[in-house]
$ cat final-v2.cif   # mmCIF, C-alpha atoms
data_data
#
loop_
_atom_site.label_atom_id
_atom_site.label_comp_id
_atom_site.auth_asym_id
_atom_site.auth_seq_id
_atom_site.Cartn_x
_atom_site.Cartn_y
_atom_site.Cartn_z
CA MET L 1 -81.93 -72.76 44.19
CA ASN L 2 -81.57 -70.05 41.59
CA THR L 3 -78.53 -67.91 42.20
CA SER L 4 -76.41 -65.14 40.74
CA ILE L 5 -72.71 -64.47 40.52
CA ILE L 6 -70.76 -61.36 39.64
CA ALA L 7 -67.86 -61.40 37.20
CA TYR L 8 -65.45 -58.79 38.46
CA THR L 9 -63.56 -57.97 35.36
CA ASP L 10 -62.89 -54.86 33.36
CA LYS L 11 -63.84 -54.75 29.77
CA THR L 12 -64.07 -52.28 26.98
CA VAL L 13 -66.94 -52.55 24.55
CA ILE L 14 -65.79 -51.91 20.98
CA ARG L 15 -68.03 -51.15 18.06
CA ILE L 16 -66.69 -51.31 14.53
CA LYS L 17 -68.79 -50.01 11.70
CA GLY L 18 -68.48 -49.66 7.96
CA VAL L 19 -67.80 -53.32 7.30
CA LYS L 20 -69.65 -55.84 5.17
CA ILE L 21 -70.21 -59.13 6.91
CA LYS L 22 -71.36 -62.46 5.57
CA GLY L 23 -70.37 -65.87 6.87
CA LEU L 24 -68.28 -64.64 9.76
CA LYS L 25 -66.90 -67.22 12.18
CA PRO L 26 -66.62 -65.15 15.34
CA PHE L 27 -63.96 -67.28 17.01
CA GLU L 28 -61.62 -66.62 14.08
CA LEU L 29 -62.00 -62.90 14.65
CA GLU L 30 -61.52 -63.36 18.39
CA ASN L 31 -58.36 -65.40 17.91
CA ARG L 32 -56.87 -62.91 15.46
CA LEU L 33 -57.52 -59.90 17.64
CA GLU L 34 -56.35 -61.65 20.79
CA LYS L 35 -52.98 -62.13 19.12
CA ILE L 36 -52.77 -58.47 18.19
CA ILE L 37 -54.19 -56.90 21.34
CA GLY L 38 -52.93 -59.47 23.80
CA ARG L 39 -56.24 -59.57 25.66
CA LYS L 40 -59.28 -61.80 25.58
CA ILE L 41 -61.90 -60.78 23.03
CA ARG L 42 -65.50 -61.85 22.67
CA VAL L 43 -67.74 -61.00 19.75
CA ILE L 44 -71.07 -60.06 21.30
CA GLY L 45 -73.04 -58.62 18.42
CA VAL L 46 -72.90 -58.80 14.64
CA THR L 47 -75.04 -57.18 11.99
CA GLY L 48 -74.48 -56.97 8.25
CA ASP L 49 -72.37 -53.84 8.67
CA SER L 50 -71.10 -53.71 12.23
CA ILE L 51 -69.38 -55.77 14.90
CA GLU L 52 -69.47 -55.32 18.64
CA MET L 53 -66.91 -56.94 20.86
CA ASP L 54 -65.82 -57.08 24.47
CA ALA L 55 -62.11 -56.62 25.07
CA TYR L 56 -61.10 -57.64 28.58
CA ASN L 57 -58.69 -55.75 30.82
CA ILE L 58 -57.67 -53.08 28.35
CA GLU L 59 -58.33 -49.36 28.28
CA PRO L 60 -60.33 -47.76 25.47
CA GLU L 61 -57.41 -45.46 24.70
CA SER L 62 -55.24 -48.45 23.86
CA ILE L 63 -57.89 -49.75 21.51
CA LEU L 64 -58.29 -46.43 19.74
CA LYS L 65 -54.54 -45.97 19.52
CA GLY L 66 -54.27 -49.28 17.71
CA GLU L 67 -57.21 -48.65 15.41
CA ASN L 68 -55.30 -49.03 12.16
CA GLY L 69 -53.82 -52.35 13.19
CA ILE L 70 -57.17 -53.61 14.35
CA ILE L 71 -58.91 -52.61 11.12
CA THR L 72 -56.14 -54.17 9.04
CA ALA L 73 -56.37 -57.37 11.06
CA ILE L 74 -60.10 -57.78 10.84
CA SER L 75 -60.09 -57.09 7.11
CA THR L 76 -58.18 -60.31 6.60
CA ILE L 77 -60.79 -62.41 8.38
CA GLU L 78 -63.01 -64.55 6.18
CA GLY L 79 -66.53 -63.17 6.22
CA ILE L 80 -65.50 -59.56 6.75
CA THR L 81 -65.00 -57.05 3.97
CA ALA L 82 -63.55 -53.75 5.07
CA THR L 83 -64.49 -50.59 3.21
CA GLU L 84 -63.09 -47.10 3.15
CA LEU L 85 -65.69 -46.29 5.79
CA THR L 86 -64.50 -48.94 8.23
CA GLU L 87 -63.64 -47.46 11.61
CA ILE L 88 -63.89 -47.98 15.33
CA ASP L 89 -67.13 -46.21 16.04
CA SER L 90 -66.74 -46.43 19.80
CA ALA L 91 -64.63 -47.99 22.53
CA GLU L 92 -66.05 -47.54 26.00
CA LYS L 93 -65.10 -49.03 29.30
CA ILE L 94 -67.91 -50.53 31.31
CA LEU L 95 -68.89 -48.70 34.47
CA GLU L 96 -69.06 -50.44 37.81
CA VAL L 97 -72.25 -50.33 39.85
CA GLU L 98 -72.67 -50.72 43.60
CA VAL L 99 -72.42 -54.28 44.85
CA GLU L 100 -75.29 -53.57 47.22
CA ASN L 101 -77.50 -53.39 44.19
CA ILE L 102 -76.96 -57.02 43.37
CA PRO L 103 -80.25 -58.52 42.25
CA LYS L 104 -82.18 -60.63 44.67
CA GLY L 105 -85.18 -62.84 44.15
CA GLU L 106 -86.74 -64.06 40.95
CA GLN L 107 -86.46 -61.88 37.89
CA VAL L 108 -88.27 -64.00 35.38
CA GLY L 109 -90.14 -61.81 32.95
CA CYS L 110 -88.49 -58.67 34.18
CA GLY L 111 -87.21 -56.60 31.32
CA LYS L 112 -85.03 -54.38 33.45
CA GLU L 113 -82.12 -56.50 34.31
CA ARG L 114 -79.71 -53.77 35.21
CA TRP L 115 -79.09 -54.05 38.93
CA SER L 116 -80.18 -50.57 39.78
CA TYR L 117 -83.68 -51.29 38.56
CA LEU L 118 -84.14 -54.57 40.31
CA VAL L 119 -86.15 -55.20 43.42
CA LYS L 120 -83.77 -55.43 46.35
CA MET S 121 -82.81 -91.75 29.51
CA ALA S 122 -81.67 -95.32 29.46
CA LYS S 123 -78.70 -96.60 31.41
CA LYS S 124 -76.01 -99.11 30.60
CA GLY S 125 -73.55 -100.22 33.23
CA GLY S 126 -74.75 -97.46 35.51
CA VAL S 127 -74.01 -94.79 32.92
CA ILE S 128 -76.73 -92.66 31.41
CA LEU S 129 -77.11 -93.15 27.68
CA LEU S 130 -78.00 -90.22 25.52
CA ASN S 131 -79.92 -91.29 22.44
CA SER S 132 -81.44 -88.19 20.94
CA VAL S 133 -80.50 -84.52 20.98
CA ALA S 134 -81.91 -81.41 19.35
CA ILE S 135 -79.57 -78.46 18.90
CA ILE S 136 -81.27 -75.13 18.26
CA PRO S 137 -79.16 -72.11 17.39
CA THR S 138 -80.85 -68.78 18.00
CA GLY S 139 -80.27 -65.39 16.44
CA ASP S 140 -81.22 -63.47 13.36
CA GLU S 141 -77.56 -63.21 12.38
CA ILE S 142 -77.26 -67.00 12.40
CA LEU S 143 -80.45 -67.51 10.44
CA ASN S 144 -79.47 -65.10 7.68
CA GLY S 145 -75.89 -66.33 7.46
CA ILE S 146 -74.17 -63.15 8.57
CA VAL S 147 -72.59 -65.33 11.23
CA THR S 148 -71.76 -68.95 10.43
CA ASP S 149 -72.99 -71.37 13.05
CA THR S 150 -69.81 -73.07 14.20
CA ASN S 151 -71.23 -73.90 17.62
CA SER S 152 -73.67 -76.58 16.50
CA PRO S 153 -71.11 -78.83 14.78
CA ALA S 154 -68.70 -78.39 17.67
CA ILE S 155 -71.38 -79.33 20.20
CA MET S 156 -72.40 -82.26 18.02
CA GLN S 157 -68.82 -83.48 18.01
CA LEU S 158 -68.60 -83.28 21.79
CA ILE S 159 -71.73 -85.37 22.17
CA LEU S 160 -70.68 -87.96 19.60
CA GLU S 161 -67.31 -88.41 21.25
CA VAL S 162 -69.12 -89.70 24.33
CA TYR S 163 -72.33 -91.04 22.82
CA PRO S 164 -71.49 -92.35 19.35
CA LYS S 165 -74.94 -93.88 18.84
CA CYS S 166 -76.76 -90.68 19.61
CA GLU S 167 -79.07 -89.19 16.99
CA ILE S 168 -78.54 -85.45 16.81
CA MET S 169 -80.72 -82.97 15.00
CA ARG S 170 -79.53 -79.47 14.29
CA LEU S 171 -82.72 -77.52 13.76
CA MET S 172 -83.15 -74.43 11.65
CA PRO S 173 -82.03 -71.37 13.64
CA VAL S 174 -84.73 -69.49 15.46
CA ILE S 175 -84.99 -65.74 15.29
CA ASP S 176 -84.61 -63.69 18.45
CA ASN S 177 -88.24 -63.80 19.41
CA GLU S 178 -89.59 -65.27 22.60
CA ILE S 179 -92.70 -66.77 21.01
CA GLU S 180 -90.69 -68.38 18.21
CA ILE S 181 -88.27 -69.84 20.72
CA THR S 182 -91.10 -71.17 22.85
CA ASP S 183 -92.74 -72.73 19.81
CA LYS S 184 -89.51 -74.48 18.89
CA LEU S 185 -89.17 -75.72 22.45
CA LYS S 186 -92.70 -77.15 22.34
CA GLU S 187 -91.98 -78.79 19.00
CA CYS S 188 -88.86 -80.50 20.33
CA LEU S 189 -90.60 -81.62 23.49
CA SER S 190 -93.32 -83.20 21.38
CA ARG S 191 -90.64 -85.17 19.51
CA ASP S 192 -89.59 -86.59 22.86
CA VAL S 193 -85.87 -86.01 22.39
CA GLU S 194 -83.78 -86.54 25.49
CA LEU S 195 -81.80 -83.32 25.36
CA ILE S 196 -82.59 -79.93 23.87
CA ILE S 197 -79.75 -77.43 23.62
CA PHE S 198 -80.44 -73.80 22.83
CA ILE S 199 -77.45 -71.80 21.69
CA GLY S 200 -77.25 -68.06 22.30
CA GLY S 201 -79.68 -65.52 23.66
CA SER S 202 -78.60 -66.11 27.24
CA GLY S 203 -77.70 -62.54 28.13
CA GLY S 204 -79.52 -59.28 28.55
CA GLY S 205 -77.51 -56.93 26.37
CA HIS S 206 -80.22 -55.87 23.96
CA ARG S 207 -82.09 -54.13 26.71
CA HIS S 208 -79.24 -51.66 27.01
CA VAL S 209 -77.59 -51.71 23.59
CA PRO S 210 -80.12 -51.77 20.75
CA THR S 211 -77.70 -53.11 18.16
CA LEU S 212 -77.03 -56.28 20.13
CA GLY S 213 -78.98 -59.43 19.42
CA LYS S 214 -82.12 -60.00 21.41
CA ASP S 215 -81.70 -62.35 24.33
CA PHE S 216 -84.90 -64.27 24.85
CA THR S 217 -83.81 -67.87 25.15
CA HIS S 218 -83.66 -67.91 28.91
CA SER S 219 -86.92 -66.07 29.39
CA ALA S 220 -88.71 -68.41 26.96
CA ILE S 221 -87.49 -71.52 28.78
CA LEU S 222 -88.26 -70.17 32.22
CA LYS S 223 -91.74 -69.08 31.22
CA TYR S 224 -92.67 -72.37 29.62
CA LEU S 225 -91.08 -74.95 31.92
CA THR S 226 -91.62 -75.25 35.63
CA GLU S 227 -88.95 -77.73 36.65
CA CYS S 228 -85.88 -75.60 36.09
CA LYS S 229 -82.91 -74.03 37.81
CA TYR S 230 -80.77 -71.18 36.66
CA LYS S 231 -77.63 -69.35 37.56
CA ALA S 232 -77.15 -65.81 36.36
CA ILE S 233 -73.76 -64.27 35.70
CA TYR S 234 -73.67 -60.50 35.93
CA GLY S 235 -70.87 -58.18 35.00
CA LYS S 236 -69.74 -55.61 37.50
CA ASN S 237 -71.55 -53.08 35.34
CA GLY S 238 -74.81 -54.72 36.36
CA HIS S 239 -75.57 -56.20 32.97
CA LEU S 240 -76.76 -59.75 32.73
CA TRP S 241 -74.02 -61.52 30.83
CA SER S 242 -75.53 -64.95 30.87
CA LYS S 243 -78.46 -66.69 32.50
CA LEU S 244 -77.77 -70.40 32.32
CA ILE S 245 -80.65 -72.79 32.73
CA VAL S 246 -81.12 -76.48 33.22
CA ALA S 247 -84.71 -77.65 32.95
CA LYS S 248 -86.48 -80.96 32.85
CA LYS S 249 -89.75 -81.97 31.27
CA ASP S 250 -90.60 -85.64 31.65
CA ASN S 251 -87.62 -87.44 30.08
CA THR S 252 -86.16 -84.38 28.40
CA PHE S 253 -83.38 -82.15 29.64
CA VAL S 254 -83.38 -78.59 28.32
CA ILE S 255 -80.30 -76.43 28.60
CA ASN S 256 -79.07 -73.20 27.10
CA VAL S 257 -75.48 -72.26 26.36
CA PRO S 258 -74.01 -68.83 25.59
CA GLY S 259 -73.48 -67.74 22.00
CA PRO S 260 -69.72 -67.14 22.10
CA TYR S 261 -67.97 -70.29 20.91
CA VAL S 262 -65.62 -70.80 23.84
CA GLU S 263 -68.34 -70.47 26.46
CA ALA S 264 -70.77 -72.60 24.44
CA ILE S 265 -68.27 -75.44 24.30
CA GLU S 266 -67.37 -75.21 27.98
CA ALA S 267 -71.01 -75.21 29.00
CA THR S 268 -71.71 -78.27 26.86
CA LYS S 269 -68.70 -80.12 28.23
CA ALA S 270 -69.83 -79.40 31.76
CA PHE S 271 -73.30 -80.74 31.05
CA ILE S 272 -71.95 -83.90 29.41
CA ASN S 273 -69.73 -84.46 32.44
CA CYS S 274 -72.79 -84.26 34.64
CA LEU S 275 -74.49 -86.90 32.51
CA ILE S 276 -71.44 -89.13 32.67
CA ASN S 277 -71.43 -88.78 36.45
CA ASP S 278 -75.13 -89.54 36.60
CA GLU S 279 -75.84 -86.18 38.18
CA LYS S 280 -79.58 -85.62 38.40
CA ASP S 281 -79.89 -82.60 40.62
CA LEU S 282 -80.68 -79.60 38.44
CA SER S 283 -79.09 -77.13 40.85
CA THR S 284 -75.83 -79.06 40.84
CA ILE S 285 -75.86 -79.36 37.06
CA VAL S 286 -76.47 -75.67 36.49
CA GLU S 287 -73.84 -74.83 39.08
CA ASN S 288 -71.30 -76.88 37.16
CA ILE S 289 -72.25 -75.30 33.86
CA ALA S 290 -72.05 -71.79 35.28
CA LYS S 291 -68.70 -72.55 36.87
CA ALA S 292 -67.37 -73.72 33.51
CA VAL S 293 -68.62 -70.61 31.72
CA PHE S 294 -67.41 -68.32 34.47
CA SER S 295 -63.93 -69.84 34.24
CA LYS S 296 -63.60 -68.44 30.75
CA TYR S 297 -63.90 -64.84 31.91
CA PRO S 298 -60.59 -63.20 32.77
CA ILE S 299 -61.52 -62.20 36.30
CA ASN S 300 -59.52 -59.36 37.85
#
$ encode --input "final-v2.cif" --output "structure tokens"
Amino acid sequence: MNTSIIAYTDKTVIRIKGVKIKGLKPFELENRLEKIIGRKIRVIGVTGDSIEMDAYNIEPESILKGENGIITAISTIEGITATELTEIDSAEKILEVEVENIPKGEQVGCGKERWSYLVK
Amino acid sequence: MAKKGGVILLNSVAIIPTGDEILNGIVTDTNSPAIMQLILEVYPKCEIMRLMPVIDNEIEITDKLKECLSRDVELIIFIGGSGGGHRHVPTLGKDFTHSAILKYLTECKYKAIYGKNGHLWSKLIVAKKDNTFVINVPGPYVEAIEATKAFINCLINDEKDLSTIVENIAKAVFSKYPIN
């Protein structure tokens, strides 16, 4: 049977821009930031000039407050070159949706995977 | 898959990383060698191919799946593309691995992990086509490794039920999220 499960955890989505990236090993970045922030980090998106990460159980304000330390830390990671334009572009906490909107049934081929759009 | 002493033997595996950022070297693929190591620790005779990364395109992924199935390997592992983030955040990588597998194969089971924000974090699939298992694992290293370990444990325990296998994989991945 195909089933779903909900991960009840807070996270803040962080986007860093103004970096040059080539040959990044994401787990090295995750490990470094986890030591600095003290929370679990997951790299979820990388382009040639930006990084997006999930930081679990931490408020956006704390991330923004520690921006300089975060930028300094990531600039030492192999595969990342910081520039004078490097900054935290955004840090936003995810918003919770109603549990009643949990998806039911098959969703294969459905492009709208946000709960609120799914057939109940 | 052959058996020896009641234990399933794994003789051939294809590992397929997905993602434009992997293909163009922006991100170094550390998952494939780590997964290869996990397999070789248990199945030292296994032949493992790490294929050229596939871009985030459903047709390309499906074509690669067909190609591997035609080679008759016993296990195909897709890495990455298991979520649904790109539908909400345009800068995120496209997640088409799960949809490609589910569209092409009929004997498959999945378990979807959603965040409380309603986004699909990971849709984990175990599929079977003749003698070939097909699985996908998430892109983040930690979850990719846990998912692979869970699948190998299922093989070791001679687990054949796809629902049970995918349940174990999802449980392993889920355990890596810091749940409130």
$ resolve_selection --input "final-v2.cif" --expression "the PyMOL selection byres ((chain L and resi 82) around 10)" --output "ChimeraX atom specification"
/L:17-21,49,71-72,74-77,79-81,83-87
$ closest_residue --input "final-v2.cif" --among "L:Glu52, L:Glu96, L:Glu34, L:Glu67" --to "Lys236 (chain S)" --atoms "all atoms listed in the file"
L:Glu96
$ interface_residues --input "final-v2.cif" --of "chain S" --to "chain L" --cutoff "8 Å" --atoms "only C-alpha atoms" --output "VMD selection string"
chain S and resid 141 145 to 150 204 207 211 to 213 219 222 to 223 229 to 240 260 to 262 283 294 297 to 300
$ closest_residue --input "final-v2.cif" --among "L:Gly66, L:Glu61, L:Met53, L:Thr12" --to "Ile37 (chain L)" --atoms "only C-alpha atoms"
L:Gly66
$ resolve_selection --input "final-v2.cif" --expression "the PyMOL selection byres ((chain S and resi 218) around 8)" --output "number ranges by chain"
S: 201-202, 215-217, 219-222, 243-245, 256
$ residues_near_point --input "final-v2.cif" --point "(-89.4, -83.9, 30.7)" --cutoff "12 Å" --atoms "only C-alpha atoms" --output "list in words"
Met121, Leu185, Lys186, Cys188, Leu189, Ser190, Arg191, Asp192, Val193, Glu194, Leu195, Ile196, Leu225, Thr226, Glu227, Cys228, Val246, Ala247, Lys248, Lys249, Asp250, Asn251, Thr252, Phe253, Val254 and Ile255 of chain S
$ write_last_selection --input "final-v2.cif" --atoms "C-alpha atoms" --output "compact mmCIF listing (two decimals), keeping the file's coordinate frame"
# COMPACT_ATOMS: atom_id res chain seq x y z
CA MET S 121 -82.81 -91.75 29.51
CA LEU S 185 -89.17 -75.72 22.45
CA LYS S 186 -92.70 -77.15 22.34
CA CYS S 188 -88.86 -80.50 20.33
CA LEU S 189 -90.60 -81.62 23.49
CA SER S 190 -93.32 -83.20 21.38
CA ARG S 191 -90.64 -85.17 19.51
CA ASP S 192 -89.59 -86.59 22.86
CA VAL S 193 -85.87 -86.01 22.39
CA GLU S 194 -83.78 -86.54 25.49
CA LEU S 195 -81.80 -83.32 25.36
CA ILE S 196 -82.59 -79.93 23.87
CA LEU S 225 -91.08 -74.95 31.92
CA THR S 226 -91.62 -75.25 35.63
CA GLU S 227 -88.95 -77.73 36.65
CA CYS S 228 -85.88 -75.60 36.09
CA VAL S 246 -81.12 -76.48 33.22
CA ALA S 247 -84.71 -77.65 32.95
CA LYS S 248 -86.48 -80.96 32.85
CA LYS S 249 -89.75 -81.97 31.27
CA ASP S 250 -90.60 -85.64 31.65
CA ASN S 251 -87.62 -87.44 30.08
CA THR S 252 -86.16 -84.38 28.40
CA PHE S 253 -83.38 -82.15 29.64
CA VAL S 254 -83.38 -78.59 28.32
CA ILE S 255 -80.30 -76.43 28.60
$ atom_distance --input "final-v2.cif" --atom1 "CA of Lys65 (chain L)" --atom2 "CA of Lys35 (chain L)"
16.2 Å
$ resolve_selection --input "final-v2.cif" --expression "the PyMOL selection byres ((chain S and resi 259) around 6)" --output "list in words"
Ile199, Gly200, Pro258 and Pro260 of chain S
$ atom_distance --input "final-v2.cif" --atom1 "CA of Ser132 (chain S)" --atom2 "CA of Asp281 (chain S)"
20.5 Å
$ atom_distance --input "final-v2.cif" --atom1 "CA of Tyr163 (chain S)" --atom2 "CA of Ala122 (chain S)"
12.2 Å
$ residues_around --input "final-v2.cif" --residues "region 273-278 of chain S" --least-positions-apart "5" --cutoff "12 Å" --atoms "all atoms listed in the file" --output "ChimeraX atom specification"
/S:121-130,158-159,162-163,194-195,246,253,266-268,283-289,292
$ axis_aligned_box --input "final-v2.cif" --around "region 290-298 of chain S" --padding-each-side "5 Å" --output "JSON"
{"center_x": -66.3, "center_y": -68.5, "center_z": 33.8, "size_x": 21.5, "size_y": 20.5, "size_z": 16.1}
$ closest_residue --input "final-v2.cif" --among "L:Gly38, L:Leu64, L:Asn31, L:Ala55" --to "Asp89 (chain L)" --atoms "all atoms listed in the file"
L:Leu64
